[in-house]
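Asker: Contents of start.cif (mmCIF, C-alpha atoms):
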data_final
#
loop_
_atom_site.label_atom_id
_atom_site.label_comp_id
_atom_site.auth_asym_id
_atom_site.auth_seq_id
_atom_site.Cartn_x
_atom_site.Cartn_y
_atom_site.Cartn_z
CA MET A 257 23.04 10.54 2.13
CA ALA A 258 19.92 8.65 1.21
CA ASN A 259 17.07 10.42 -0.41
CA ASN A 260 14.21 10.32 2.12
CA LYS A 261 11.58 11.27 -0.46
CA ASN A 262 11.89 7.92 -2.25
CA ILE A 263 11.36 5.79 0.87
CA GLN A 264 7.91 4.22 0.89
CA ARG A 265 6.21 4.07 4.22
CA ILE A 266 4.63 0.81 5.28
CA PRO A 267 1.08 1.43 6.49
CA GLN A 268 0.62 0.60 10.15
CA GLU A 269 -1.93 -2.09 10.92
CA GLU A 270 -4.89 -1.05 12.99
CA GLU A 271 -5.42 -2.51 16.42
CA LEU A 272 -8.29 -4.89 16.99
CA THR A 273 -11.52 -3.39 18.24
CA SER A 274 -13.72 -4.74 20.98
CA GLU A 275 -16.07 -6.10 18.30
CA ASP A 276 -13.17 -8.00 16.75
CA TYR A 277 -12.31 -9.52 20.11
CA ALA A 278 -15.97 -10.45 20.65
CA ILE A 279 -16.05 -12.25 17.30
CA ILE A 280 -12.84 -14.11 18.11
CA ALA A 281 -14.19 -15.08 21.54
CA ALA A 282 -17.44 -16.34 20.01
CA ALA A 283 -15.53 -18.42 17.47
CA LEU A 284 -13.33 -19.94 20.19
CA SER A 285 -16.39 -20.66 22.30
CA ALA A 286 -18.09 -22.40 19.37
CA LEU A 287 -14.94 -24.41 18.75
CA GLY A 288 -14.85 -25.44 22.41
CA ASP A 289 -18.50 -26.51 22.26
CA PHE A 290 -17.76 -28.57 19.15
CA PHE A 291 -14.92 -30.44 20.87
CA PHE A 292 -17.11 -30.96 23.94
CA PHE A 293 -19.75 -32.52 21.68
CA LEU A 294 -17.13 -34.79 20.11
CA SER A 295 -16.01 -35.92 23.56
CA LEU A 296 -19.61 -36.80 24.46
CA VAL A 297 -19.96 -38.84 21.26
CA LYS A 298 -16.71 -40.66 22.01
CA ALA A 299 -17.79 -41.36 25.59
CA LYS A 300 -21.08 -42.79 24.35
CA GLU A 301 -19.30 -45.01 21.82
CA THR A 302 -16.88 -46.24 24.48
CA THR A 303 -19.70 -47.02 26.90
CA GLN A 304 -21.63 -48.91 24.23
CA ALA A 305 -18.54 -50.89 23.25
CA GLU A 306 -17.86 -51.84 26.87
CA THR A 307 -21.48 -52.89 27.36
CA LYS A 308 -21.35 -55.11 24.27
CA LYS A 309 -18.12 -56.76 25.50
CA LYS A 310 -19.68 -57.48 28.90
CA THR A 311 -22.80 -59.03 27.38
CA LYS A 312 -20.73 -61.26 25.06
CA LEU A 313 -18.66 -62.56 27.99
CA ARG A 314 -21.73 -63.75 29.89
#
Could you quickly redo this structure as structure tokens?

Answerer:
Amino acid sequence: MANNKNIQRIPQEEELTSEDYAIIAAALSALGDFFFFLSLVKAKETTQAETKKKTKLR
């Protein structure tokens, strides 16, 4: 039989609190806003490039 006194117990991790979830949600929201901003920059660059091509063809 194994000696149960020598077995080390692994501490259980605590569950996330509502504050933790709020921080995670805020970080994901900020990340989404950042990618939205990048898409706007890309759309502006694409529009400017298309405009320049049209003016050169004329």

Asker: What is the atom CA of A:Phe292-atom CA of A:Ser274 distance in Å, reported with one decimal?

Answerer: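 Atom CA of A:Phe292 sits 26.6 Å away from atom CA of A:Ser274.
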
Asker: Can you report as JSON the centre and edge lengths in Å, to one decimal, of an axis-aligned box around the listed atoms of stretch 283-294 of chain A padded with 3 Å on each side?

Answerer:
{"center_x": -16.5, "center_y": -26.6, "center_z": 20.7, "size_x": 12.4, "size_y": 22.4, "size_z": 12.5}

Asker: If you measure from atom CA of A:Ser295 to atom CA of A:Ile280, what distance in Å do you get, rounded to one decimal?

Answerer: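 Rounded to one decimal, the two atoms are 22.7 Å apart.
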
Asker: In Å, how far is it from atom CA of A:Glu301 to atom CA of A:Gly288?

Answerer: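 Spanning atom CA of A:Glu301 to atom CA of A:Gly288 is a straight-line distance of 20.1 Å.
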